[in-house]
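Structure below is model_22.cif: mmCIF, C-alpha atoms.
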data_run
loop_
_atom_site.label_atom_id
_atom_site.label_comp_id
_atom_site.auth_asym_id
_atom_site.auth_seq_id
_atom_site.Cartn_x
_atom_site.Cartn_y
_atom_site.Cartn_z
CA MET A 1 0.26 34.09 -59.93
CA ILE A 2 3.77 35.43 -60.13
CA MET A 3 4.90 33.16 -57.32
CA LYS A 4 3.23 30.14 -58.92
CA SER A 5 4.88 30.94 -62.23
CA SER A 6 8.23 31.31 -60.52
CA GLY A 7 7.68 28.03 -58.67
CA SER A 8 6.80 26.25 -61.91
CA GLN A 9 9.96 27.59 -63.52
CA ASN A 10 12.03 26.43 -60.58
CA LEU A 11 10.45 22.97 -60.76
CA LEU A 12 11.23 22.80 -64.48
CA ARG A 13 14.81 23.77 -63.80
CA VAL A 14 15.14 21.07 -61.14
CA LEU A 15 13.64 18.43 -63.45
CA LEU A 16 15.85 19.53 -66.33
CA SER A 17 18.95 19.38 -64.14
CA PHE A 18 17.92 15.92 -62.93
CA PHE A 19 17.54 14.57 -66.46
CA LEU A 20 20.83 16.15 -67.52
CA ILE A 21 22.57 14.42 -64.62
CA LEU A 22 21.01 11.12 -65.65
CA LEU A 23 22.10 11.68 -69.24
CA VAL A 24 25.68 12.54 -68.32
CA SER A 25 25.87 9.66 -65.85
CA GLY A 26 24.59 7.28 -68.48
CA GLN A 27 27.15 8.48 -70.98
CA SER A 28 30.03 8.19 -68.53
CA ALA A 29 28.94 4.65 -67.67
CA MET A 30 28.97 3.60 -71.31
CA ALA A 31 31.80 1.29 -72.30
CA ILE A 32 34.63 2.90 -74.25
CA LYS A 33 34.74 1.82 -77.87
CA HIS A 34 37.40 2.66 -80.43
CA SER A 35 38.10 2.32 -84.11
CA PHE A 36 41.75 1.61 -84.78
CA ILE A 37 44.37 0.15 -87.08
CA ALA A 38 46.82 -2.30 -85.56
CA ILE A 39 49.90 -4.23 -86.61
CA ASP A 40 49.88 -7.85 -85.52
CA GLU A 41 53.60 -8.66 -85.60
CA GLY A 42 52.99 -12.17 -84.31
CA LEU A 43 50.78 -13.26 -87.22
CA LYS A 44 52.20 -10.73 -89.74
CA ASN A 45 48.85 -9.04 -90.34
CA LEU A 46 47.46 -5.52 -90.54
CA LEU A 47 43.91 -5.06 -89.30
CA TYR A 48 41.23 -2.42 -88.97
CA VAL A 49 38.81 -2.78 -86.07
CA ASN A 50 35.68 -0.73 -85.53
CA GLU A 51 34.12 -1.60 -82.18
CA ASN A 52 30.94 0.28 -83.09
CA ASP A 53 30.42 -1.47 -86.44
CA SER A 54 32.18 -4.79 -86.95
CA THR A 55 30.95 -4.97 -90.57
CA LYS A 56 33.68 -2.44 -91.42
CA ASN A 57 36.50 -4.58 -90.06
CA TRP A 58 39.20 -6.00 -92.33
CA ILE A 59 42.49 -7.86 -92.06
CA VAL A 60 45.30 -8.22 -94.61
CA SER A 61 48.61 -10.07 -94.58
CA VAL A 62 51.87 -8.12 -94.47
CA SER A 63 54.09 -11.20 -94.47
CA ASP A 64 55.76 -10.22 -97.76
CA VAL A 65 57.16 -7.03 -96.19
CA TYR A 66 57.62 -8.35 -92.64
CA PRO A 67 58.24 -6.79 -90.20
CA SER A 68 55.92 -3.76 -90.34
CA ARG A 69 56.59 -1.40 -87.48
CA ASP A 70 55.42 2.18 -88.03
CA MET A 71 52.19 3.85 -89.16
CA GLN A 72 50.80 7.29 -89.93
CA LEU A 73 47.47 8.69 -91.11
CA ILE A 74 48.42 10.53 -94.32
CA GLY A 75 45.10 11.75 -95.74
CA ASN A 76 43.06 10.73 -98.77
CA ASN A 77 41.63 7.94 -96.60
CA ARG A 78 45.03 6.22 -96.48
CA ILE A 79 47.23 4.74 -93.78
CA LEU A 80 51.01 4.70 -94.29
CA ILE A 81 52.73 1.59 -92.91
CA GLY A 82 56.50 1.43 -92.62
CA ASN A 83 57.90 -2.03 -93.30
CA SER A 84 61.23 -3.78 -93.77
CA LEU A 85 61.44 -2.92 -97.50
CA GLY A 86 60.14 0.65 -97.41
CA TYR A 87 56.48 1.49 -97.01
CA THR A 88 52.96 0.64 -98.12
CA GLU A 89 49.86 2.85 -98.31
CA TYR A 90 46.52 1.15 -97.64
CA ASN A 91 42.96 2.30 -98.23
CA ILE A 92 41.43 2.59 -94.77
CA THR A 93 37.96 1.54 -95.90
CA THR A 94 38.97 -1.64 -97.75
CA GLY A 95 42.52 -2.51 -96.72
CA ALA A 96 43.58 -2.50 -100.37
CA ILE A 97 47.15 -1.50 -101.28
CA VAL A 98 47.23 1.91 -102.97
CA ARG A 99 50.97 2.49 -103.24
CA GLN A 100 54.12 0.61 -102.28
CA VAL A 101 57.90 1.06 -102.17
CA THR A 102 60.05 -2.07 -101.75
CA ALA A 103 63.51 -0.86 -102.77
CA TYR A 104 65.07 -0.86 -99.28
CA ASP A 105 65.94 -3.27 -96.52
CA SER A 106 65.75 -3.02 -92.70
CA VAL A 107 63.46 0.05 -92.55
CA SER A 108 62.08 0.55 -89.05
CA SER A 109 60.27 3.91 -89.22
CA VAL A 110 58.54 6.06 -91.82
CA ARG A 111 57.20 9.63 -91.77
CA ARG A 112 55.25 11.53 -94.45
CA LEU A 113 55.80 15.29 -94.54
CA PRO A 114 53.34 18.02 -95.64
CA ASN A 115 55.36 18.61 -98.84
CA GLY A 116 54.79 15.00 -99.93
CA HIS A 117 58.28 13.79 -99.07
CA THR A 118 58.71 10.52 -97.18
CA ILE A 119 61.43 9.92 -94.60
CA LEU A 120 62.70 6.41 -93.85
CA PHE A 121 64.83 5.44 -90.86
CA GLY A 122 66.60 2.14 -90.47
CA VAL A 123 69.94 0.41 -89.95
CA ASP A 124 72.34 -0.15 -92.86
CA LEU A 125 69.99 1.25 -95.51
CA ALA A 126 70.94 1.82 -99.14
CA GLY A 127 74.45 0.43 -98.86
CA SER A 128 75.48 2.53 -95.86
CA LYS A 129 76.49 1.32 -92.40
CA GLY A 130 74.88 2.89 -89.37
CA VAL A 131 71.54 4.49 -88.55
CA VAL A 132 70.42 5.84 -91.90
CA MET A 133 67.81 8.43 -92.83
CA ILE A 134 66.52 8.38 -96.44
CA VAL A 135 64.41 11.21 -97.87
CA LEU A 136 62.21 10.39 -100.87
CA ASP A 137 60.41 13.00 -102.92
CA SER A 138 56.73 12.67 -103.86
CA ASN A 139 57.74 10.40 -106.78
CA ASN A 140 59.78 8.15 -104.44
CA VAL A 141 63.08 9.39 -105.88
CA GLN A 142 65.82 9.43 -103.25
CA ILE A 143 66.90 13.04 -102.74
CA LYS A 144 68.93 12.73 -99.54
CA LYS A 145 70.70 10.13 -97.43
CA THR A 146 72.06 10.88 -93.96
CA VAL A 147 74.13 8.44 -91.91
CA PHE A 148 74.42 8.51 -88.10
CA PRO A 149 76.65 6.30 -85.94
CA GLY A 150 74.85 3.34 -84.37
CA THR A 151 73.49 -0.15 -84.85
CA TYR A 152 69.90 0.12 -83.59
CA VAL A 153 66.87 2.32 -84.14
CA ARG A 154 63.13 1.83 -83.84
CA LEU A 155 60.59 4.61 -84.30
CA ALA A 156 61.45 8.19 -85.24
CA ARG A 157 59.25 11.12 -84.32
CA GLN A 158 59.77 14.60 -85.69
CA THR A 159 59.79 17.55 -83.32
CA SER A 160 58.24 20.95 -83.97
CA THR A 161 61.71 22.22 -84.86
CA GLY A 162 62.36 19.65 -87.59
CA THR A 163 64.71 17.38 -85.63
CA PHE A 164 63.92 13.74 -84.84
CA ILE A 165 63.63 11.88 -81.54
CA LEU A 166 64.88 8.31 -81.98
CA CYS A 167 64.66 5.26 -79.75
CA CYS A 168 68.00 3.46 -80.02
CA ASN A 169 67.76 0.42 -77.75
CA ASP A 170 68.53 1.79 -74.25
CA THR A 171 69.29 5.36 -75.38
CA ILE A 172 67.01 8.15 -76.61
CA LYS A 173 68.68 10.44 -79.15
CA GLU A 174 67.81 13.62 -80.98
CA ALA A 175 69.04 13.80 -84.56
CA ASP A 176 69.34 16.70 -86.95
CA THR A 177 69.05 16.15 -90.71
CA ASN A 178 72.80 16.41 -91.37
CA GLY A 179 74.25 13.35 -89.65
CA THR A 180 74.64 14.60 -86.08
CA PHE A 181 73.13 13.37 -82.83
CA ILE A 182 72.68 16.67 -81.03
CA TRP A 183 71.39 15.21 -77.78
CA LYS A 184 71.21 11.74 -76.25
CA LYS A 185 70.31 10.21 -72.93
CA TYR A 186 71.00 6.69 -71.72
CA VAL A 187 67.84 5.59 -69.93
CA LYS A 188 68.46 3.74 -66.70
CA ASP A 189 66.15 3.43 -63.73
CA THR A 190 66.72 0.99 -60.88
CA SER A 191 62.99 0.21 -60.76
CA TYR A 192 62.94 -0.80 -64.44
CA PRO A 193 66.38 -2.26 -65.28
CA THR A 194 65.22 -4.10 -68.40
CA ASN A 195 64.20 -1.13 -70.53
CA LYS A 196 65.84 -2.51 -73.68
CA HIS A 197 64.48 -1.90 -77.17
CA MET A 198 62.62 1.28 -76.26
CA TRP A 199 60.07 1.84 -78.98
CA LYS A 200 58.70 5.35 -79.33
CA ALA A 201 59.60 8.69 -77.72
CA GLU A 202 58.26 12.23 -78.05
CA ARG A 203 59.18 15.59 -76.57
CA LEU A 204 56.47 17.20 -74.48
CA ASP A 205 55.71 20.92 -74.30
CA ASN A 206 57.55 21.14 -70.99
CA GLY A 207 60.77 19.85 -72.55
CA HIS A 208 60.47 16.38 -71.02
CA ILE A 209 60.56 13.13 -73.02
CA PHE A 210 57.69 10.64 -72.89
CA PHE A 211 58.48 7.12 -74.10
CA SER A 212 57.61 3.43 -74.06
CA GLY A 213 60.17 1.23 -72.33
CA GLY A 214 60.09 -1.85 -74.55
CA TYR A 215 60.95 -4.91 -72.49
CA GLY A 216 60.64 -2.79 -69.37
CA ALA A 217 56.88 -2.79 -70.07
CA PHE A 218 56.24 0.74 -68.83
CA LEU A 219 55.49 4.25 -70.10
CA ALA A 220 57.51 7.05 -68.56
CA GLU A 221 58.07 10.78 -68.53
CA MET A 222 61.72 11.76 -68.14
CA ASP A 223 63.13 15.21 -67.44
CA THR A 224 66.10 16.82 -69.17
CA ALA A 225 68.54 15.32 -66.66
CA GLY A 226 67.26 11.79 -67.25
CA ASN A 227 65.22 11.56 -64.04
CA PHE A 228 61.92 9.70 -64.15
CA ILE A 229 59.09 12.10 -63.36
CA ARG A 230 56.35 9.47 -63.52
CA THR A 231 55.68 6.00 -64.87
CA ILE A 232 52.44 4.54 -66.19
CA GLY A 233 51.36 0.97 -66.76
CA ALA A 234 54.26 -0.89 -65.20
CA ALA A 235 53.77 -4.21 -63.45
CA PRO A 236 52.05 -5.25 -61.33
CA GLN A 237 48.75 -4.84 -63.14
CA PRO A 238 45.36 -6.54 -62.70
CA ALA A 239 45.06 -10.16 -63.79
CA GLY A 240 44.84 -10.56 -67.54
CA VAL A 241 46.92 -7.51 -68.47
CA SER A 242 50.31 -9.26 -68.61
CA PRO A 243 52.68 -6.35 -69.38
CA PHE A 244 55.55 -7.73 -71.47
CA PHE A 245 56.80 -5.21 -74.04
CA TYR A 246 55.24 -1.76 -74.48
CA ALA A 247 55.65 -0.71 -78.11
CA MET A 248 53.74 1.96 -80.05
CA TRP A 249 51.58 4.31 -77.98
CA GLN A 250 49.30 7.26 -78.61
CA TRP A 251 47.99 10.21 -76.60
CA LEU A 252 44.25 10.63 -77.04
CA SER A 253 42.55 14.01 -77.05
CA ASN A 254 41.13 13.36 -73.55
CA GLY A 255 44.61 12.79 -72.10
CA ASP A 256 44.41 9.00 -71.99
CA ILE A 257 47.22 6.89 -73.45
CA VAL A 258 46.73 3.74 -75.53
CA VAL A 259 49.69 1.37 -75.87
CA ALA A 260 50.32 -1.85 -77.78
CA ASN A 261 51.40 -4.56 -75.33
CA TRP A 262 53.46 -6.82 -77.62
CA GLU A 263 53.82 -10.35 -76.27
CA ASN A 264 56.50 -11.98 -78.46
CA HIS A 265 57.15 -13.29 -81.96
CA GLY A 266 54.94 -15.88 -83.60
CA ALA A 267 51.49 -17.28 -82.99
CA GLY A 268 49.52 -18.17 -79.89
CA HIS A 269 50.32 -15.32 -77.53
CA ASP A 270 46.86 -13.75 -77.19
CA THR A 271 45.43 -16.28 -74.78
CA ALA A 272 41.88 -15.66 -73.58
CA GLY A 273 41.81 -14.13 -70.11
CA LYS A 274 45.61 -13.86 -69.83
CA VAL A 275 46.70 -11.06 -72.18
CA HIS A 276 45.44 -7.61 -73.15
CA GLU A 277 46.95 -6.61 -76.50
CA LEU A 278 45.88 -2.96 -76.29
CA ILE A 279 45.62 -1.04 -73.03
CA GLU A 280 44.27 2.44 -72.36
CA PHE A 281 45.47 4.26 -69.25
CA ASP A 282 44.15 7.52 -67.87
CA GLN A 283 46.54 10.16 -66.52
CA GLN A 284 46.64 8.45 -63.11
CA GLY A 285 47.66 5.14 -64.69
CA THR A 286 44.27 3.49 -64.19
CA ILE A 287 43.20 1.09 -66.94
CA VAL A 288 39.98 2.32 -68.58
CA TRP A 289 39.87 0.15 -71.73
CA THR A 290 41.52 -2.98 -73.08
CA TRP A 291 41.25 -5.04 -76.25
CA ASP A 292 42.25 -8.57 -77.18
CA LYS A 293 40.91 -11.15 -79.62
CA PRO A 294 42.55 -14.60 -79.31
CA THR A 295 40.71 -15.91 -82.38
CA LEU A 296 42.08 -13.07 -84.54
CA VAL A 297 45.49 -11.85 -83.32
CA SER A 298 48.60 -13.03 -81.52
CA SER A 299 50.86 -10.10 -80.64
CA LEU A 300 50.14 -6.48 -81.51
CA GLN A 301 53.08 -4.11 -81.92
CA GLY A 302 51.50 -1.01 -83.45
CA VAL A 303 48.24 0.88 -82.91
CA LEU A 304 46.63 4.04 -84.27
CA ILE A 305 43.30 5.14 -82.74
CA LEU A 306 41.19 6.81 -85.44
CA ASP A 307 38.11 7.82 -83.42
CA SER A 308 38.07 11.59 -83.91
CA LEU A 309 40.58 11.87 -86.75
CA ASN A 310 39.67 13.03 -90.25
CA THR A 311 41.03 10.34 -92.58
CA ASN A 312 41.24 12.87 -95.41
CA LEU A 313 43.97 14.83 -93.60
CA LEU A 314 47.67 14.23 -92.90
CA TYR A 315 48.41 13.78 -89.18
CA ASP A 316 51.34 13.31 -86.88
CA ASP A 317 51.98 13.61 -83.15
CA ARG A 318 54.94 15.99 -82.94
CA ASN A 319 52.90 18.15 -80.56
CA GLY A 320 51.62 15.33 -78.37
CA THR A 321 48.15 14.33 -79.51
CA MET A 322 47.49 13.56 -83.17
CA SER A 323 47.08 16.83 -85.06
CA PRO A 324 46.69 17.59 -88.77
CA LEU A 325 49.70 19.00 -90.62
CA ASN A 326 48.35 21.61 -92.96
CA SER A 327 51.56 22.94 -94.47
CA PRO A 328 55.36 22.72 -94.30
CA SER A 329 55.28 25.79 -92.06
CA SER A 330 54.30 23.50 -89.17
CA ILE A 331 58.02 22.71 -88.93
CA ARG A 332 60.23 25.49 -87.61
CA SER A 333 63.75 25.58 -88.97
CA SER A 334 66.45 25.06 -86.33
CA SER A 335 68.13 28.14 -87.75
CA SER A 336 65.46 30.19 -85.99
CA PHE A 337 66.93 29.27 -82.59
CA ASN A 338 68.60 31.97 -80.60
CA THR A 339 71.11 30.74 -78.02
CA GLN A 340 72.64 34.15 -77.26
CA ILE A 341 70.32 35.31 -74.50
CA PRO A 342 72.19 37.31 -71.85
CA PRO A 343 72.26 35.43 -68.51
CA ALA A 344 70.88 38.49 -66.72
CA GLU A 345 67.66 38.14 -68.68
CA ARG A 346 67.18 34.42 -67.92
CA TRP A 347 64.48 33.70 -65.40
CA ARG A 348 62.56 30.47 -64.98
CA ILE A 349 59.05 31.41 -63.95
CA LYS A 350 55.61 29.98 -63.57
CA ILE A 351 53.49 31.92 -66.04
CA GLN A 352 50.12 33.14 -64.87
CA PRO A 353 48.16 36.00 -66.51
CA SER A 354 48.10 37.88 -63.21
CA SER A 355 51.86 37.60 -62.58
CA PHE A 356 53.14 40.09 -65.13
CA THR A 357 52.30 43.21 -67.05
CA ASN A 358 53.56 43.29 -70.63
CA GLY A 359 56.69 41.56 -71.83
CA TYR A 360 58.29 38.97 -74.04
CA LEU A 361 58.01 35.20 -73.70
CA GLN A 362 60.87 33.01 -74.90
CA SER A 363 60.17 29.26 -75.23
CA VAL A 364 63.05 26.86 -74.61
CA ASP A 365 63.48 23.31 -75.87
CA LEU A 366 65.25 20.35 -74.25
CA LEU A 367 68.67 21.56 -75.37
CA GLY A 368 68.25 25.00 -73.83
CA ARG A 369 67.74 26.58 -77.23
CA SER A 370 65.08 29.22 -77.48
CA PHE A 371 62.75 30.36 -80.19
CA GLY A 372 60.56 33.43 -80.40
CA PRO A 373 60.28 35.80 -78.70
CA SER A 374 56.57 36.64 -78.63
CA LEU A 375 55.10 39.84 -77.29
CA LEU A 376 52.58 39.02 -74.57
CA THR A 377 50.15 41.13 -72.60
CA ARG A 378 48.59 40.70 -69.20
CA ASN A 379 45.35 39.35 -70.69
CA ASN A 380 46.92 37.02 -73.23
CA ASP A 381 45.36 33.58 -72.65
CA GLN A 382 48.05 31.78 -74.63
CA VAL A 383 50.42 31.86 -71.69
CA GLN A 384 48.43 29.12 -69.97
CA SER A 385 50.39 26.28 -71.64
CA ALA A 386 52.99 24.32 -69.71
CA GLY A 387 56.69 24.51 -70.49
CA ILE A 388 60.05 26.10 -69.78
CA TYR A 389 60.07 29.80 -70.49
CA LEU A 390 62.40 32.74 -70.42
CA PHE A 391 60.64 35.97 -69.61
CA LYS A 392 62.12 39.42 -69.88
CA SER A 393 60.94 43.02 -69.72
CA GLY A 394 58.08 44.00 -67.45
CA ALA A 395 58.06 40.85 -65.28
CA GLU A 396 56.62 41.50 -61.84
CA ASN A 397 56.92 38.17 -60.04
CA LYS A 398 60.11 36.45 -61.20
CA LYS A 399 60.40 32.94 -59.79
#

Let me see the structure of the file written as structure tokens.
Amino acid sequence: MIMKSSGSQNLLRVLLSFFLILLVSGQSAMAIKHSFIAIDEGLKNLLYVNENDSTKNWIVSVSDVYPSRDMQLIGNNRILIGNSLGYTEYNITTGAIVRQVTAYDSVSSVRRLPNGHTILFGVDLAGSKGVVMIVLDSNNVQIKKTVFPGTYVRLARQTSTGTFILCCNDTIKEADTNGTFIWKKYVKDTSYPTNKHMWKAERLDNGHIFFSGGYGAFLAEMDTAGNFIRTIGAAPQPAGVSPFFYAMWQWLSNGDIVVANWENHGAGHDTAGKVHELIEFDQQGTIVWTWDKPTLVSSLQGVLILDSLNTNLLYDDRNGTMSPLNSPSSIRSSSSFNTQIPPAERWRIKIQPSSFTNGYLQSVDLLGRSFGPSLLTRNNDQVQSAGIYLFKSGAENKK
């Protein structure tokens, strides 16, 4: 009886495992579907698309504030869209305008901060010549204006230290809030010589920069010396993809990247079977999802995937994937940097829990500035993240 009972239990386990495999296989074979907001620059429209429930879709004209280039999920079920005159907030459910600022000209990027302030970037804003940053308080009163040298800027993305990474045509720059470019890198790669009008760049945890190459039609990771570590999505691609200009992109929580493949100004660019407006790549650069709708759009320039995001919270992507910003403390002041670390204590190591006893971990950004330190122990799981680190005191295997 005991053996029969044990045999029955084993049979149940086998059957259960079999059905679980079928279930997982069925799920993995299911087509990817997204809900997203997109900017159709070609037709001057803003649209919401829900691939699981098309009854929720909407489309509104943005021709009166053309061009619209930037977007951010800001909570209270609202999407913030940066446009040529300032910004507009839309209700995500209906597409209705909730709030609008139209006092500026030539705005190219907009960011909402946890304290309710709004930051605008553009060229020749508010009577000043150059790349201009405007800070508005929660009542849209201008409280700061900062002018940088230059004649071109597209999207701005804030770093975890409060600085901004800017795409300025063929150069990526880091700006402080006081009028200084504290780092810049001219982007040139012989494989992609046409990387003009780069669109969006972010700093990764390892200090590298990830960006979209504009007319180069590629996504790339670049190290601190300006060397290309990897590229994703560049031509050639399968028929129907037609890479032309990679604009706004977004890391998804599963590591995939979705990018808007802008095709040019005006109508008639989304031709059935010839263009994919949105493309999702996995980490190996394989296309796993695309979207186009010739009867609805012409040339998408911006995209924000909403799938797993809470529309009642404020989000940004300063840490890679979209994450909620709960308080102003999510931005570290640059004054917390410590650049006076004795050379004798500087080691670049690969951190593994088994490679050290107790010690201090010092994280380093792209400029070689460090912040911390943090006391770590041998069993501290937080040391698993990638990056550049300085480790001192108690290190066993310095590399």

Q: For the structure provided, state which residues fall under the PyMOL selection byres ((chain A and resi 58) around 12), and present them as an MDAnalysis selection string.
A: chainID A and resid 35:38 45:50 53:57 59:61 90:96 296

Include C-alpha atoms and write out the residues we just selected as a PDB file, in the frame of the given file.
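Written out: again-v2.pdb:
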ATOM      1  CA  SER A  35      38.100   2.320 -84.110  1.00  0.00           C
ATOM      2  CA  PHE A  36      41.750   1.610 -84.780  1.00  0.00           C
ATOM      3  CA  ILE A  37      44.370   0.150 -87.080  1.00  0.00           C
ATOM      4  CA  ALA A  38      46.820  -2.300 -85.560  1.00  0.00           C
ATOM      5  CA  ASN A  45      48.850  -9.040 -90.340  1.00  0.00           C
ATOM      6  CA  LEU A  46      47.460  -5.520 -90.540  1.00  0.00           C
ATOM      7  CA  LEU A  47      43.910  -5.060 -89.300  1.00  0.00           C
ATOM      8  CA  TYR A  48      41.230  -2.420 -88.970  1.00  0.00           C
ATOM      9  CA  VAL A  49      38.810  -2.780 -86.070  1.00  0.00           C
ATOM     10  CA  ASN A  50      35.680  -0.730 -85.530  1.00  0.00           C
ATOM     11  CA  ASP A  53      30.420  -1.470 -86.440  1.00  0.00           C
ATOM     12  CA  SER A  54      32.180  -4.790 -86.950  1.00  0.00           C
ATOM     13  CA  THR A  55      30.950  -4.970 -90.570  1.00  0.00           C
ATOM     14  CA  LYS A  56      33.680  -2.440 -91.420  1.00  0.00           C
ATOM     15  CA  ASN A  57      36.500  -4.580 -90.060  1.00  0.00           C
ATOM     16  CA  ILE A  59      42.490  -7.860 -92.060  1.00  0.00           C
ATOM     17  CA  VAL A  60      45.300  -8.220 -94.610  1.00  0.00           C
ATOM     18  CA  SER A  61      48.610 -10.070 -94.580  1.00  0.00           C
ATOM     19  CA  TYR A  90      46.520   1.150 -97.640  1.00  0.00           C
ATOM     20  CA  ASN A  91      42.960   2.300 -98.230  1.00  0.00           C
ATOM     21  CA  ILE A  92      41.430   2.590 -94.770  1.00  0.00           C
ATOM     22  CA  THR A  93      37.960   1.540 -95.900  1.00  0.00           C
ATOM     23  CA  THR A  94      38.970  -1.640 -97.750  1.00  0.00           C
ATOM     24  CA  GLY A  95      42.520  -2.510 -96.720  1.00  0.00           C
ATOM     25  CA  ALA A  96      43.580  -2.500-100.370  1.00  0.00           C
ATOM     26  CA  LEU A 296      42.080 -13.070 -84.540  1.00  0.00           C
TER      27      LEU A 296
END

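From CA of His197 in chain A back to CA of Ile209 in chain A, the distance works out to 16.1 Å.
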
Q) Nearest to Ser68 in chain A: which of A:Leu125, A:Leu300, A:Ala156, A:Met198 is it, counting all atoms listed in the file? A) A:Leu300

(Q) Taking the file as I've supplied it (selection: the PyMOL selection byres ((chain A and resi 76) around 12)), which residues are included? Please answer as number ranges by chain. (A) A: 73-75, 77-80, 89-93, 98, 310-315

Q: Please provide as a list in words all residues within 6 Å of range 277-289 of chain A, with the sequence filter that same-chain residues fewer than 4 positions apart are discarded (counting all atoms listed in the file).
A: Ile232, Gly233, Asp256, Ile257, Val258, Val259, Ala260, Asn261 and Leu300 of chain A

Q | Interatomic distance (Å, one decimal) between CA of Val107 in chain A and CA of Val153 in chain A | A | 9.4 Å

(Q) Every residue with an atom at most 8 Å from (72.9, 9.1, -74.5) (file coordinates; all atoms listed in the file) is what I'm after, so could you write them as a PyMOL selection string? (A) chain A and resi 171-173+183-187

**Q.** the PyMOL selection byres ((chain A and resi 112) around 10) applied to the shown file, residues as an MDAnalysis selection string
**A.** chainID A and resid 71:74 80 110:111 113:120 135:136 138 314:316

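Nearest residue to Trp199 in chain A, choosing from A:Thr159, A:Thr180, A:Ser212, A:Thr290 and counting all atoms listed in the file: A:Ser212.
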
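Counting from CA of Asn140 in chain A, the distance to CA of Gly82 in chain A is 14.0 Å.
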
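Taking all atoms listed in the file into account, Thr151 in chain A lies nearest to A:Asn169 out of the set A:Gln301, A:Asn83, A:Asn169, A:Thr177.
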
Around all the atoms of range 144-160 of chain A listed in the file, with 4 Å of room on each side, what axis-aligned box do you get, giving centre and edge lengths in Å to one decimal, as lines of an AutoDock Vina configuration file?
center_x = 67.4
center_y = 10.4
center_z = -91.4
size_x = 26.4
size_y = 29.1
size_z = 24.2

Exercise: Phe121 in chain A partners within 6 Å, only C-alpha atoms, chain neighbours under 2 positions left out, as a JSON list (two decimals) with C-alpha atoms, in the coordinates of the input:
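And here is the file that came out, part22.json:
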[["chain", "number", "residue", "atom", "x", "y", "z"],
["A", 107, "VAL", "CA", 63.46, 0.05, -92.55],
["A", 108, "SER", "CA", 62.08, 0.55, -89.05],
["A", 109, "SER", "CA", 60.27, 3.91, -89.22],
["A", 132, "VAL", "CA", 70.42, 5.84, -91.90],
["A", 133, "MET", "CA", 67.81, 8.43, -92.83]]

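Of the residues under consideration (A:Ser128, A:Gln250, A:Ser242, A:Gln237), A:Ser128 shows the shortest atom-to-atom contact distance to Pro149 in chain A when counting all atoms listed in the file.
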
Q | Protein and nucleic acid residues near (53.7, -20.9, -86.5) (cut-off 10 Å, all atoms listed in the file) as a list in words | A | Gly42, Leu43, His265, Gly266, Ala267 and Gly268 of chain A

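Distance check against Leu306 in chain A using all atoms listed in the file: of A:Ala31, A:Asp105, A:Leu204, A:Glu51, the minimum falls on A:Glu51.
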
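Nearest-residue note for Gln142 in chain A: choosing from A:Trp249, A:Tyr104, A:Phe218, A:Phe228, the minimum distance belongs to A:Tyr104, counting all atoms listed in the file.
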